[in-house]
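Source file model_23.txt; content: compact mmCIF, C-alpha atoms and all ligand atoms.
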# COMPACT_ATOMS: atom_id res chain seq x y z
CA MET A 1 6.11 15.77 20.86
CA PRO A 2 6.78 13.49 17.86
CA ALA A 3 4.20 11.73 15.71
CA GLU A 4 2.38 8.92 17.50
CA LEU A 5 -0.32 6.38 16.86
CA ILE A 6 -3.36 7.00 19.00
CA CYS A 7 -6.44 4.82 19.53
CA PHE A 8 -9.44 6.46 17.92
CA GLU A 9 -11.85 5.26 20.65
CA GLU A 10 -12.72 8.08 23.10
CA ARG A 11 -12.81 5.70 26.07
CA CYS A 12 -9.31 4.33 25.31
CA ARG A 13 -7.04 6.87 23.53
CA ALA A 14 -3.99 4.63 24.16
CA ARG A 15 -0.80 5.86 22.47
CA PHE A 16 1.82 3.83 20.62
CA PRO A 17 5.16 4.58 18.95
CA ILE A 18 4.87 5.48 15.26
CA THR A 19 7.16 2.55 14.39
CA GLU A 20 4.78 -0.18 15.58
CA ALA A 21 3.33 -2.25 12.73
CA ILE A 22 -0.22 -2.29 14.10
CA TYR A 23 -3.57 -1.38 12.55
CA ASN A 24 -5.85 -1.74 15.57
CA CYS A 25 -5.40 -0.79 19.20
CA PRO A 26 -3.86 -3.78 21.05
CA HIS A 27 -5.94 -2.80 24.15
CA CYS A 28 -9.45 -2.28 22.77
CA ASN A 29 -9.21 -3.20 19.06
CA GLY A 30 -10.23 0.35 18.08
CA LEU A 31 -9.00 1.98 14.87
CA LEU A 32 -5.73 3.89 15.04
CA GLU A 33 -4.95 7.45 13.98
CA VAL A 34 -1.67 9.26 13.46
CA SER A 35 -1.49 12.24 15.79
CA TYR A 36 0.86 15.23 15.64
CA PRO A 37 1.34 18.61 17.25
CA PRO A 38 0.47 21.61 15.01
CA PRO A 39 3.17 22.53 12.47
CA ALA A 40 5.88 24.81 13.87
CA THR A 41 5.65 27.16 10.86
CA PRO A 42 2.61 29.49 10.83
CA PRO A 43 -0.14 28.75 8.25
CA ALA A 44 0.47 31.85 6.10
CA ALA A 45 4.15 30.99 5.70
CA LEU A 46 3.40 27.33 4.95
CA LYS A 47 0.82 28.28 2.32
CA ARG A 48 3.49 30.39 0.62
CA ILE A 49 6.11 27.62 0.81
CA TRP A 50 3.70 25.05 -0.62
CA ARG A 51 2.85 27.34 -3.52
CA GLU A 52 6.52 27.96 -4.27
CA ARG A 53 7.27 24.24 -4.26
CA ARG A 54 4.98 23.78 -7.25
CA ALA A 55 7.62 25.44 -9.43
CA SER A 56 10.37 23.05 -8.33
CA ASN A 57 11.76 20.10 -10.33
CA ALA A 58 12.63 18.12 -7.19
CA PRO A 59 10.62 14.85 -7.04
CA LEU A 60 9.39 15.46 -3.51
CA GLU A 61 8.08 18.93 -4.39
CA GLN A 62 6.45 17.65 -7.58
CA SER A 63 4.38 15.21 -5.53
CA GLY A 64 0.93 16.52 -4.65
CA VAL A 65 1.28 14.62 -1.36
CA TRP A 66 4.84 15.23 -0.13
CA ARG A 67 4.73 18.90 -1.12
CA TYR A 68 2.45 19.24 1.92
CA ARG A 69 4.72 17.13 4.16
CA GLU A 70 4.45 19.53 7.12
CA ILE A 71 0.95 18.24 7.76
CA ILE A 72 1.94 14.57 7.46
CA PRO A 73 5.20 14.59 9.44
CA PHE A 74 5.39 10.92 10.40
CA LEU A 75 8.78 10.16 8.79
CA ASP A 76 12.20 11.02 10.24
CA SER A 77 13.68 11.30 6.77
CA PHE A 78 12.23 11.63 3.27
CA ASP A 79 15.24 9.99 1.54
CA ALA A 80 13.48 6.68 0.88
CA VAL A 81 10.13 8.11 -0.26
CA VAL A 82 8.90 6.69 -3.58
CA THR A 83 6.81 9.13 -5.57
CA LEU A 84 5.20 8.65 -8.98
CA ARG A 85 4.17 12.34 -8.82
CA GLU A 86 0.79 11.45 -7.32
CA GLY A 87 -1.81 14.10 -6.62
CA ASN A 88 -1.58 17.22 -8.77
CA THR A 89 -5.13 16.46 -9.88
CA PRO A 90 -7.20 19.22 -11.46
CA LEU A 91 -10.31 21.07 -10.37
CA LEU A 92 -12.60 20.98 -13.40
CA ALA A 93 -15.68 23.16 -13.79
CA ALA A 94 -18.59 21.15 -15.24
CA PRO A 95 -21.60 23.32 -16.18
CA ARG A 96 -23.53 20.44 -17.78
CA ALA A 97 -23.12 18.30 -14.66
CA ALA A 98 -24.07 21.28 -12.47
CA GLN A 99 -27.33 21.68 -14.37
CA TYR A 100 -28.04 17.94 -14.07
CA GLY A 101 -27.24 18.04 -10.37
CA GLY A 102 -29.54 21.03 -9.74
CA LEU A 103 -26.69 23.42 -8.97
CA ASP A 104 -25.68 26.80 -10.39
CA ALA A 105 -22.09 25.59 -10.60
CA LEU A 106 -20.14 22.43 -9.86
CA VAL A 107 -16.44 21.64 -9.78
CA PHE A 108 -14.94 18.16 -9.91
CA LYS A 109 -11.68 17.32 -8.18
CA HIS A 110 -10.61 14.51 -10.50
CA GLN A 111 -8.49 11.94 -8.71
CA GLY A 112 -8.58 9.80 -11.85
CA PHE A 113 -5.67 11.94 -13.11
CA ASN A 114 -3.37 10.12 -10.67
CA PRO A 115 -0.52 7.87 -11.91
CA THR A 116 -2.55 4.66 -11.57
CA GLY A 117 -5.86 6.38 -12.22
CA SER A 118 -7.39 6.68 -8.75
CA PHE A 119 -7.20 8.53 -5.43
CA LYS A 120 -5.48 5.54 -3.85
CA ASP A 121 -2.11 6.84 -5.07
CA ASN A 122 -2.27 9.76 -2.61
CA GLY A 123 -2.44 7.30 0.26
CA MET A 124 -0.23 4.60 -1.17
CA THR A 125 2.91 6.71 -1.43
CA CYS A 126 2.62 7.22 2.35
CA GLY A 127 1.74 3.59 3.13
CA VAL A 128 4.72 2.35 1.13
CA ALA A 129 7.02 4.94 2.75
CA GLN A 130 6.00 3.57 6.16
CA ALA A 131 6.52 -0.03 4.93
CA LEU A 132 10.07 0.89 3.86
CA ARG A 133 10.75 2.54 7.19
CA LEU A 134 9.57 -0.61 9.02
CA GLY A 135 11.91 -2.70 6.87
CA VAL A 136 9.24 -5.11 5.61
CA GLU A 137 9.71 -6.92 2.30
CA ARG A 138 6.15 -7.89 1.41
CA VAL A 139 3.02 -5.77 1.41
CA ALA A 140 -0.55 -6.88 0.81
CA CYS A 141 -4.04 -5.54 0.31
CA VAL A 142 -7.55 -6.76 -0.28
CA SER A 143 -9.14 -4.71 -2.97
CA THR A 144 -12.09 -3.99 -5.18
CA GLY A 145 -9.44 -3.05 -7.74
CA ASN A 146 -8.01 0.42 -7.34
CA THR A 147 -6.08 -0.21 -4.13
CA SER A 148 -4.49 -3.27 -5.72
CA ALA A 149 -3.49 -1.33 -8.84
CA SER A 150 -2.00 1.45 -6.76
CA MET A 151 -0.26 -0.78 -4.22
CA ALA A 152 1.21 -2.97 -6.97
CA ALA A 153 2.70 0.11 -8.67
CA TYR A 154 4.13 1.78 -5.57
CA ALA A 155 5.41 -1.44 -3.98
CA SER A 156 7.15 -2.50 -7.19
CA ALA A 157 8.63 0.97 -7.66
CA ALA A 158 9.97 0.70 -4.10
CA GLY A 159 11.43 -2.80 -4.59
CA LEU A 160 8.87 -4.47 -2.30
CA GLN A 161 6.82 -7.52 -3.23
CA PRO A 162 3.11 -6.69 -3.69
CA ILE A 163 0.53 -9.36 -2.86
CA VAL A 164 -2.99 -8.62 -3.97
CA PHE A 165 -6.22 -10.33 -2.87
CA ILE A 166 -9.28 -9.63 -4.97
CA PRO A 167 -12.83 -10.96 -5.01
CA HIS A 168 -12.90 -13.37 -7.96
CA GLY A 169 -15.03 -12.09 -10.84
CA ASN A 170 -15.89 -8.85 -9.05
CA ILE A 171 -13.36 -6.33 -10.20
CA SER A 172 -13.08 -4.65 -13.57
CA TYR A 173 -10.51 -5.90 -16.07
CA GLY A 174 -8.82 -2.50 -16.23
CA LYS A 175 -7.90 -2.78 -12.56
CA LEU A 176 -6.95 -6.47 -12.63
CA ALA A 177 -4.75 -5.76 -15.66
CA GLN A 178 -2.93 -3.04 -13.72
CA ALA A 179 -2.16 -5.33 -10.76
CA LEU A 180 -0.72 -7.96 -13.11
CA GLU A 181 1.29 -5.51 -15.18
CA TYR A 182 2.75 -3.75 -12.13
CA GLY A 183 4.06 -7.11 -10.96
CA ALA A 184 1.77 -8.14 -8.11
CA ARG A 185 1.30 -11.71 -7.01
CA THR A 186 -2.46 -11.74 -7.49
CA LEU A 187 -4.83 -14.08 -5.70
CA GLN A 188 -8.44 -14.12 -6.88
CA VAL A 189 -10.35 -15.39 -3.86
CA GLU A 190 -13.81 -16.90 -4.18
CA ALA A 191 -15.38 -14.63 -1.56
CA ASN A 192 -16.52 -11.03 -1.26
CA PHE A 193 -14.36 -8.05 -0.22
CA ASP A 194 -15.43 -8.11 3.42
CA GLN A 195 -14.83 -11.85 3.81
CA ILE A 196 -11.38 -11.62 2.22
CA LEU A 197 -10.38 -8.65 4.37
CA ALA A 198 -11.25 -10.57 7.55
CA LEU A 199 -9.17 -13.50 6.31
CA VAL A 200 -6.17 -11.43 5.24
CA ARG A 201 -6.03 -9.50 8.51
CA THR A 202 -5.22 -12.73 10.36
CA LEU A 203 -3.00 -14.05 7.57
CA ALA A 204 -0.91 -10.86 7.38
CA GLU A 205 0.08 -11.14 11.01
CA ARG A 206 0.96 -14.81 10.69
CA LEU A 207 3.03 -14.33 7.51
CA GLY A 208 4.67 -11.07 8.57
CA ILE A 209 3.17 -9.13 5.65
CA TYR A 210 2.44 -5.41 6.05
CA LEU A 211 -1.19 -4.54 5.22
CA LEU A 212 -1.85 -1.53 3.02
CA ASN A 213 -5.63 -1.39 3.12
CA SER A 214 -7.18 1.85 4.30
CA ILE A 215 -7.24 0.43 7.84
CA ASN A 216 -3.55 1.36 7.69
CA PRO A 217 -3.45 4.84 9.28
CA PHE A 218 -0.61 6.03 7.01
CA ARG A 219 -2.81 5.54 3.93
CA ILE A 220 -5.28 7.91 5.57
CA GLU A 221 -2.52 10.47 6.15
CA GLY A 222 -1.70 10.50 2.43
CA GLN A 223 -5.33 10.83 1.39
CA LYS A 224 -5.63 13.97 3.52
CA SER A 225 -3.60 15.70 0.80
CA ILE A 226 -6.58 15.46 -1.60
CA VAL A 227 -8.38 18.02 0.53
CA VAL A 228 -5.27 20.07 1.23
CA GLU A 229 -4.41 20.33 -2.46
CA MET A 230 -8.01 21.22 -3.32
CA LEU A 231 -7.98 24.06 -0.78
CA ASP A 232 -4.59 25.25 -2.06
CA GLN A 233 -6.04 25.28 -5.61
CA ARG A 234 -8.94 27.40 -4.32
CA ASP A 235 -6.60 29.86 -2.58
CA TRP A 236 -7.79 28.44 0.74
CA ASN A 237 -11.45 29.31 0.25
CA PRO A 238 -13.33 26.28 1.60
CA PRO A 239 -16.39 25.17 -0.40
CA ASP A 240 -19.75 24.68 1.32
CA TRP A 241 -19.81 20.98 0.47
CA ILE A 242 -17.36 18.25 -0.44
CA VAL A 243 -19.16 15.27 -2.00
CA LEU A 244 -17.52 11.85 -2.26
CA PRO A 245 -18.48 8.20 -2.75
CA GLY A 246 -18.31 5.90 0.28
CA GLY A 247 -17.13 2.29 0.21
CA ASN A 248 -14.71 1.18 2.89
CA LEU A 249 -14.92 4.81 4.14
CA GLY A 250 -11.18 5.46 4.33
CA ASN A 251 -11.49 8.57 2.20
CA THR A 252 -14.29 9.94 4.36
CA ALA A 253 -12.05 9.41 7.41
CA ALA A 254 -9.13 11.09 5.64
CA PHE A 255 -11.10 14.12 4.42
CA GLY A 256 -12.63 14.68 7.84
CA LYS A 257 -9.28 14.42 9.62
CA ALA A 258 -7.69 16.84 7.13
CA LEU A 259 -10.48 19.39 7.63
CA ARG A 260 -10.41 19.13 11.42
CA GLU A 261 -6.64 19.56 11.52
CA LEU A 262 -6.59 22.44 9.02
CA HIS A 263 -9.33 24.17 10.98
CA ALA A 264 -7.70 23.60 14.37
CA TRP A 265 -4.30 24.71 13.10
CA GLY A 266 -5.64 27.93 11.56
CA PHE A 267 -5.39 27.14 7.81
CA ILE A 268 -9.13 27.58 7.18
CA ALA A 269 -11.76 29.61 8.99
CA LYS A 270 -14.73 27.43 8.06
CA MET A 271 -15.38 23.67 7.86
CA PRO A 272 -16.94 22.43 4.62
CA ARG A 273 -19.69 19.85 5.04
CA LEU A 274 -19.07 16.28 3.86
CA ALA A 275 -21.71 14.47 1.79
CA VAL A 276 -21.00 10.76 1.42
CA ILE A 277 -22.83 8.84 -1.30
CA GLN A 278 -23.29 5.07 -1.31
CA ALA A 279 -24.77 2.63 -3.82
CA GLU A 280 -28.23 1.46 -2.75
CA GLY A 281 -27.20 -2.23 -2.62
CA ALA A 282 -24.13 -1.52 -0.45
CA ALA A 283 -25.27 1.24 1.88
CA PRO A 284 -24.64 0.23 5.52
CA PHE A 285 -23.22 3.66 6.33
CA TYR A 286 -26.30 5.39 4.95
CA GLU A 287 -28.47 3.18 7.18
CA LEU A 288 -26.25 3.84 10.20
CA MET A 289 -26.42 7.61 9.88
CA ARG A 290 -30.12 7.67 9.05
CA THR A 291 -31.56 5.58 11.85
CA PRO A 292 -30.96 6.43 15.50
CA PRO A 293 -29.61 5.05 17.81
CA HIS A 294 -26.89 4.65 15.24
CA SER A 295 -26.01 1.00 15.65
CA PHE A 296 -23.98 -0.33 12.75
CA ARG A 297 -25.28 -3.29 10.80
CA PRO A 298 -23.15 -4.68 7.94
CA VAL A 299 -24.76 -5.68 4.65
CA THR A 300 -23.88 -9.37 4.23
CA ASP A 301 -24.42 -9.55 0.47
CA PRO A 302 -23.52 -6.13 -0.98
CA ARG A 303 -24.61 -5.65 -4.58
CA THR A 304 -23.77 -2.93 -7.08
CA LEU A 305 -22.27 -2.58 -10.53
CA ALA A 306 -20.06 0.13 -9.06
CA THR A 307 -17.70 -2.62 -7.92
CA ALA A 308 -15.24 -0.17 -6.33
CA ILE A 309 -17.78 0.52 -3.58
CA LYS A 310 -19.27 -2.98 -3.35
CA ILE A 311 -18.50 -3.24 0.36
CA GLY A 312 -20.97 -4.29 3.07
CA ASP A 313 -18.80 -4.07 6.18
CA PRO A 314 -16.68 -0.92 5.86
CA VAL A 315 -13.74 -0.93 8.21
CA SER A 316 -13.58 2.81 8.82
CA TRP A 317 -17.24 3.40 9.69
CA PRO A 318 -16.52 4.61 13.26
CA LYS A 319 -14.13 7.28 11.96
CA ALA A 320 -16.41 8.19 9.06
CA SER A 321 -19.37 8.54 11.39
CA ARG A 322 -17.45 11.01 13.57
CA GLU A 323 -16.23 12.99 10.54
CA VAL A 324 -19.67 13.30 8.95
CA THR A 325 -21.16 14.36 12.29
CA CYS A 326 -18.31 16.79 12.99
CA SER A 327 -18.73 18.49 9.61
CA CYS A 328 -22.57 18.64 9.88
CA GLY A 329 -22.52 16.39 6.84
CA MET A 330 -24.97 13.99 5.23
CA VAL A 331 -25.09 10.50 3.77
CA GLU A 332 -27.22 9.60 0.74
CA LYS A 333 -27.74 6.46 -1.30
CA VAL A 334 -28.38 6.18 -5.04
CA SER A 335 -29.73 3.52 -7.39
CA GLU A 336 -27.90 1.70 -10.18
CA GLN A 337 -29.85 3.65 -12.81
CA GLU A 338 -29.00 6.95 -11.10
CA ILE A 339 -25.29 6.08 -11.02
CA ALA A 340 -25.27 5.02 -14.67
CA ASP A 341 -27.03 8.17 -15.91
CA ALA A 342 -24.89 10.48 -13.78
CA LYS A 343 -21.80 8.77 -15.13
CA ALA A 344 -22.90 9.41 -18.71
CA ILE A 345 -23.41 13.08 -17.85
CA VAL A 346 -19.90 13.33 -16.39
CA GLY A 347 -18.74 11.80 -19.67
CA GLN A 348 -20.69 14.36 -21.70
CA CYS A 349 -18.79 17.08 -19.85
CA GLY A 350 -15.65 15.72 -21.53
CA ILE A 351 -14.46 14.63 -18.11
CA GLY A 352 -15.52 11.01 -17.53
CA CYS A 353 -15.10 8.78 -14.50
CA GLU A 354 -15.62 5.25 -13.27
CA PRO A 355 -19.04 4.13 -11.90
CA ALA A 356 -18.31 4.62 -8.17
CA SER A 357 -17.20 8.19 -8.80
CA ALA A 358 -20.45 9.01 -10.58
CA ALA A 359 -22.36 8.26 -7.38
CA THR A 360 -21.31 11.77 -6.35
CA LEU A 361 -23.27 13.51 -9.11
CA ALA A 362 -26.24 11.16 -8.64
CA GLY A 363 -26.17 11.99 -4.92
CA ILE A 364 -25.94 15.73 -5.54
CA ARG A 365 -29.01 15.53 -7.79
CA LYS A 366 -30.95 13.81 -5.00
CA LEU A 367 -29.73 16.15 -2.28
CA THR A 368 -30.58 19.31 -4.24
CA ALA A 369 -34.01 17.90 -5.17
CA ALA A 370 -34.66 17.27 -1.46
CA GLY A 371 -33.54 20.80 -0.57
CA SER A 372 -30.59 19.52 1.49
CA ILE A 373 -28.07 21.28 -0.76
CA ALA A 374 -29.02 24.75 -2.02
CA PRO A 375 -28.72 25.40 -5.80
CA SER A 376 -26.36 28.28 -5.06
CA ALA A 377 -24.08 26.17 -2.85
CA ASP A 378 -20.36 26.05 -3.56
CA VAL A 379 -19.80 22.34 -4.17
CA VAL A 380 -16.70 20.28 -4.96
CA ALA A 381 -17.36 16.66 -5.93
CA VAL A 382 -14.49 14.21 -5.87
CA LEU A 383 -14.25 11.88 -8.86
CA THR A 384 -12.28 8.99 -7.42
CA GLY A 385 -11.33 6.97 -10.50
CA ASN A 386 -10.55 7.25 -14.21
CA LEU A 387 -13.11 6.51 -16.94
CA LEU A 388 -10.88 3.80 -18.46
CA LYS A 389 -10.94 1.69 -15.30
CA ASP A 390 -14.18 0.03 -16.38
CA PRO A 391 -14.76 0.20 -20.16
CA ASP A 392 -17.02 -2.86 -20.14
CA TYR A 393 -19.62 -1.00 -18.04
CA ILE A 394 -19.52 1.92 -20.49
CA TYR A 395 -20.01 -0.22 -23.58
CA ARG A 396 -22.90 -2.05 -21.99
CA TYR A 397 -24.62 1.17 -20.92
CA HIS A 398 -24.41 2.82 -24.31
CA THR A 399 -25.56 -0.32 -26.14
CA GLY A 400 -28.47 -0.92 -23.75
CA LYS A 401 -26.98 -4.15 -22.38
CA LEU A 402 -26.25 -3.04 -18.81
CA GLU A 403 -28.15 -4.94 -16.13
CA ALA A 404 -28.39 -4.16 -12.43
CA PRO A 405 -27.33 -6.99 -10.06
CA ASP A 406 -30.98 -8.04 -9.67
CA GLY A 407 -31.32 -8.45 -13.43
CA THR A 408 -33.24 -5.19 -14.05
CA ALA A 409 -32.26 -3.56 -17.33
CA ILE A 410 -30.55 -0.19 -16.97
CA GLN A 411 -31.94 2.28 -19.47
CA PRO A 412 -29.34 4.01 -21.66
CA THR A 413 -30.98 7.39 -20.94
CA PHE A 414 -27.99 9.27 -22.31
CA GLY A 415 -26.70 6.41 -24.46
CA LYS A 416 -24.75 6.98 -27.66
CA LEU A 417 -25.04 3.90 -29.84
CA PRO A 418 -22.06 3.08 -32.02
CA ILE A 419 -23.35 2.86 -35.61
CA ILE A 420 -22.14 0.17 -37.98
CA VAL A 421 -21.94 1.41 -41.58
CA PRO A 422 -20.78 -0.14 -44.84
CA ASN A 423 -17.74 1.23 -46.67
CA ASP A 424 -19.98 3.50 -48.73
CA THR A 425 -19.80 7.30 -49.02
CA TYR A 426 -23.54 7.70 -49.57
CA LYS A 427 -24.53 5.53 -46.59
CA ILE A 428 -21.99 7.26 -44.33
CA THR A 429 -23.28 10.69 -45.40
CA GLU A 430 -26.81 9.48 -44.64
CA ALA A 431 -25.70 8.27 -41.19
CA LEU A 432 -24.17 11.67 -40.43
CA ARG A 433 -27.30 13.63 -41.36
CA PRO A 434 -28.06 15.91 -38.36
N1 LIG A 501 -14.21 5.25 -5.51
C1 LIG A 501 -13.34 4.38 -6.03
C2 LIG A 501 -12.99 4.53 -7.47
C3 LIG A 501 -12.75 3.38 -5.23
O1 LIG A 501 -11.88 2.55 -5.75
C4 LIG A 501 -13.14 3.28 -3.87
C5 LIG A 501 -12.60 2.25 -3.00
C6 LIG A 501 -14.06 4.21 -3.39
C7 LIG A 501 -14.58 5.17 -4.23
C8 LIG A 501 -14.50 4.20 -1.97
O2 LIG A 501 -13.53 4.77 -1.18
O3 LIG A 501 -13.25 2.93 0.45
O4 LIG A 501 -12.31 5.17 0.89
O5 LIG A 501 -14.77 4.79 0.93
N2 LIG A 501 -11.92 1.27 -3.41
C9 LIG A 501 -11.22 0.31 -2.54
C10 LIG A 501 -10.31 -0.58 -3.33
C11 LIG A 501 -12.01 -0.31 -1.51
O6 LIG A 501 -10.03 -1.70 -2.89
O7 LIG A 501 -9.82 -0.15 -4.36
P1 LIG A 501 -13.47 4.40 0.39

Output the file's structure as structure tokens, nothing else.
Amino acid sequence: MPAELICFEERCRARFPITEAIYNCPHCNGLLEVSYPPPATPPAALKRIWRERRASNAPLEQSGVWRYREIIPFLDSFDAVVTLREGNTPLLAAPRAAQYGGLDALVFKHQGFNPTGSFKDNGMTCGVAQALRLGVERVACVSTGNTSASMAAYASAAGLQPIVFIPHGNISYGKLAQALEYGARTLQVEANFDQILALVRTLAERLGIYLLNSINPFRIEGQKSIVVEMLDQRDWNPPDWIVLPGGNLGNTAAFGKALRELHAWGFIAKMPRLAVIQAEGAAPFYELMRTPPHSFRPVTDPRTLATAIKIGDPVSWPKASREVTCSCGMVEKVSEQEIADAKAIVGQCGIGCEPASAATLAGIRKLTAAGSIAPSADVVAVLTGNLLKDPDYIYRYHTGKLEAPDGTAIQPTFGKLPIIVPNDTYKITEALRP
């Protein structure tokens, strides 16, 4: 049985050929998933093959996504794949962050080490490969910044035209700069992420543009490799918890699918639990999972300085809800002050990340304090974006000028003020006195 698209909705489960350019089920409008039979090669042999590929100089093997192609077998041929050597992101032990988070030990899987500085590259190489296979010429996304940076890079590298829609004034300059430099036609729309996504979904169909938001099931396939690579790096010992920030919830859907498949296919004996962390002002998924009977209510005016996760109507909530439930996971929300302080701590580890990523550490601190995660738990937190994505936020925090969306001042609890000194040996020596 080849790869197929299958409707995610239990009551529908309609199947479609893998070559249809659709994002929702034409029958019931449900989300779509890529479905495959288990790999023909046994897990032990595949684990060995994947490890050996790391030593190869072939582009496909050097990719931290395509190296694991046996678990994302949706292409007939890999000849047209464009890789910027995505993935290959490190697991970094962070004792200072562990202490802050109330844990004995903590490891970060840092997706900010990707070619365009975020986890989106893992998914984008797959989304663009599918776009090439479908023969489209233009691809588009709506983005809080990282998707647009990633799509612009991969589409341009593949000779496609990238079209980027971003909420005007609501993405960081680092990300906007990337979209421009990688050659995207960039439209800054005067609306929020959710409003623009609704608009672009109808526009894409009318203009024949292929959409590369995380509603695209091939993006999700690529993002599965984040979990696969992490398990490979841990010699296939699953952690107790995987903690990640939640925005549009594509990553939550991808991680959950990866874990279910790996478990069902015999790669891992135990399922880690997923902990999804949202910003307080943009936390519809937290509310959904907290309050039975679990009816979803979007947040119409999402607000957070962590602009990457400033999303009130996340597309993938039905998938994310299943994955969190399936993994016996949890959802937590954190304040602007908690995100800012956690981010400074990640920085003090010599690691650094962008604001949305720091929600993970802030969430861990809350979950350990509440007794939901044990101090001795084996935890991997995923840092989704690079520190340099949002330098303005950093400068404001350290100089005490950062304000929450409601105007409340954010305290620079762990701030390091830059000191202005005259060109004077004595004064500089004074300033450096311990
Ligand atoms: N962290 C970062 C750095 C992100 O850029 C995003 C999403 C998330 C977390 C949330 O991930 O949507 O899979 O739950 N950024 C998107 C974008 C929406 O347009 O770049 P999610």

> Residues within 8 Å of ligand LIG 501 (chain A) (only C-alpha atoms and all ligand atoms), as number ranges by chain?
Replying inline: A: 118-120, 141-149, 213-214, 244-253, 308-311, 314, 354-357, 383-386

Serialized selection, C-alpha atoms, as a short mmCIF file (atom, residue, chain, number, x, y, z; two decimals), in the frame of the given file:
data_model
loop_
_atom_site.label_atom_id
_atom_site.label_comp_id
_atom_site.auth_asym_id
_atom_site.auth_seq_id
_atom_site.Cartn_x
_atom_site.Cartn_y
_atom_site.Cartn_z
CA SER A 118 -7.39 6.68 -8.75
CA PHE A 119 -7.20 8.53 -5.43
CA LYS A 120 -5.48 5.54 -3.85
CA CYS A 141 -4.04 -5.54 0.31
CA VAL A 142 -7.55 -6.76 -0.28
CA SER A 143 -9.14 -4.71 -2.97
CA THR A 144 -12.09 -3.99 -5.18
CA GLY A 145 -9.44 -3.05 -7.74
CA ASN A 146 -8.01 0.42 -7.34
CA THR A 147 -6.08 -0.21 -4.13
CA SER A 148 -4.49 -3.27 -5.72
CA ALA A 149 -3.49 -1.33 -8.84
CA ASN A 213 -5.63 -1.39 3.12
CA SER A 214 -7.18 1.85 4.30
CA LEU A 244 -17.52 11.85 -2.26
CA PRO A 245 -18.48 8.20 -2.75
CA GLY A 246 -18.31 5.90 0.28
CA GLY A 247 -17.13 2.29 0.21
CA ASN A 248 -14.71 1.18 2.89
CA LEU A 249 -14.92 4.81 4.14
CA GLY A 250 -11.18 5.46 4.33
CA ASN A 251 -11.49 8.57 2.20
CA THR A 252 -14.29 9.94 4.36
CA ALA A 253 -12.05 9.41 7.41
CA ALA A 308 -15.24 -0.17 -6.33
CA ILE A 309 -17.78 0.52 -3.58
CA LYS A 310 -19.27 -2.98 -3.35
CA ILE A 311 -18.50 -3.24 0.36
CA PRO A 314 -16.68 -0.92 5.86
CA GLU A 354 -15.62 5.25 -13.27
CA PRO A 355 -19.04 4.13 -11.90
CA ALA A 356 -18.31 4.62 -8.17
CA SER A 357 -17.20 8.19 -8.80
CA LEU A 383 -14.25 11.88 -8.86
CA THR A 384 -12.28 8.99 -7.42
CA GLY A 385 -11.33 6.97 -10.50
CA ASN A 386 -10.55 7.25 -14.21
#

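Of the residues listed (A:Leu46, A:Leu432, A:Ala93, A:Ile419), A:Leu46 shows the shortest atom-to-atom separation from Asp232 (chain A); distances use all atoms listed in the file.
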
> So how many Å separate CA of Ala279 (chain A) and CA of Val324 (chain A), to one decimal?
Replying inline: 17.4 Å

> Which residues, written as a list in words, have at least one atom at most 10 Å from Gly101 (chain A), with only C-alpha atoms counted and residues fewer than 5 positions away on the same chain left out?
Replying inline: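 Listing them by chain and then by number gives Pro95, Arg96, Leu106, Ala342, Ile345, Thr360, Leu361, Ala362, Gly363, Ile364, Arg365, Lys366, Leu367, Thr368, Ala369 and Pro375 of chain A.
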
>> What's the separation between CA of Pro405 (chain A) and CA of Gly350 (chain A), in Å to one decimal place?
In response: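 Interatomic distance, CA of Pro405 (chain A) to CA of Gly350 (chain A): 28.0 Å.
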
What are the nearest atom pairs, with distances in Å to one decimal, for all residues of region 96-195 of chain A that come at most 9 Å from region 81-91 of chain A, using all atoms listed in the file, set out by chain and rising residue number as a Markdown table?
| residue | atom | partner | partner_atom | distance |
| --- | --- | --- | --- | --- |
| A:Val107 | CA | A:Leu91 | CA | 6.2 |
| A:Phe108 | CA | A:Leu91 | CA | 5.5 |
| A:Lys109 | CA | A:Leu91 | CA | 4.6 |
| A:His110 | CA | A:Thr89 | CA | 5.8 |
| A:Gln111 | CA | A:Thr89 | CA | 5.8 |
| A:Gly112 | CA | A:Thr89 | CA | 7.8 |
| A:Phe113 | CA | A:Thr89 | CA | 5.6 |
| A:Asn114 | CA | A:Glu86 | CA | 5.5 |
| A:Pro115 | CA | A:Glu86 | CA | 6.0 |
| A:Thr116 | CA | A:Glu86 | CA | 8.7 |
| A:Phe119 | CA | A:Gly87 | CA | 7.8 |
| A:Asp121 | CA | A:Glu86 | CA | 5.9 |
| A:Asn122 | CA | A:Glu86 | CA | 5.9 |
| A:Thr125 | CA | A:Thr83 | CA | 6.2 |
| A:Cys126 | CA | A:Val81 | CA | 8.0 |
| A:Val128 | CA | A:Val82 | CA | 7.6 |
| A:Ala129 | CA | A:Val81 | CA | 5.4 |
| A:Gln130 | CA | A:Val81 | CA | 8.9 |
| A:Leu132 | CA | A:Val81 | CA | 8.3 |
| A:Ala153 | CA | A:Leu84 | CA | 8.9 |
| A:Tyr154 | CA | A:Val82 | CA | 7.1 |
| A:Ala155 | CA | A:Val82 | CA | 8.9 |
| A:Ala157 | CA | A:Val82 | CA | 7.0 |
| A:Ala158 | CA | A:Val82 | CA | 6.1 |

> If we count all atoms listed in the file, what is near Gln195 (chain A) at a cut-off of 10 Å, once residues fewer than 4 positions away on the same chain are taken out, given as a list in words?
Replying inline: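 My list of contacting residues is Val142, Pro167, Val189, Glu190, Ala191, Leu199, Val200, Thr300, Ile311, Gly312 and Asp313 of chain A.
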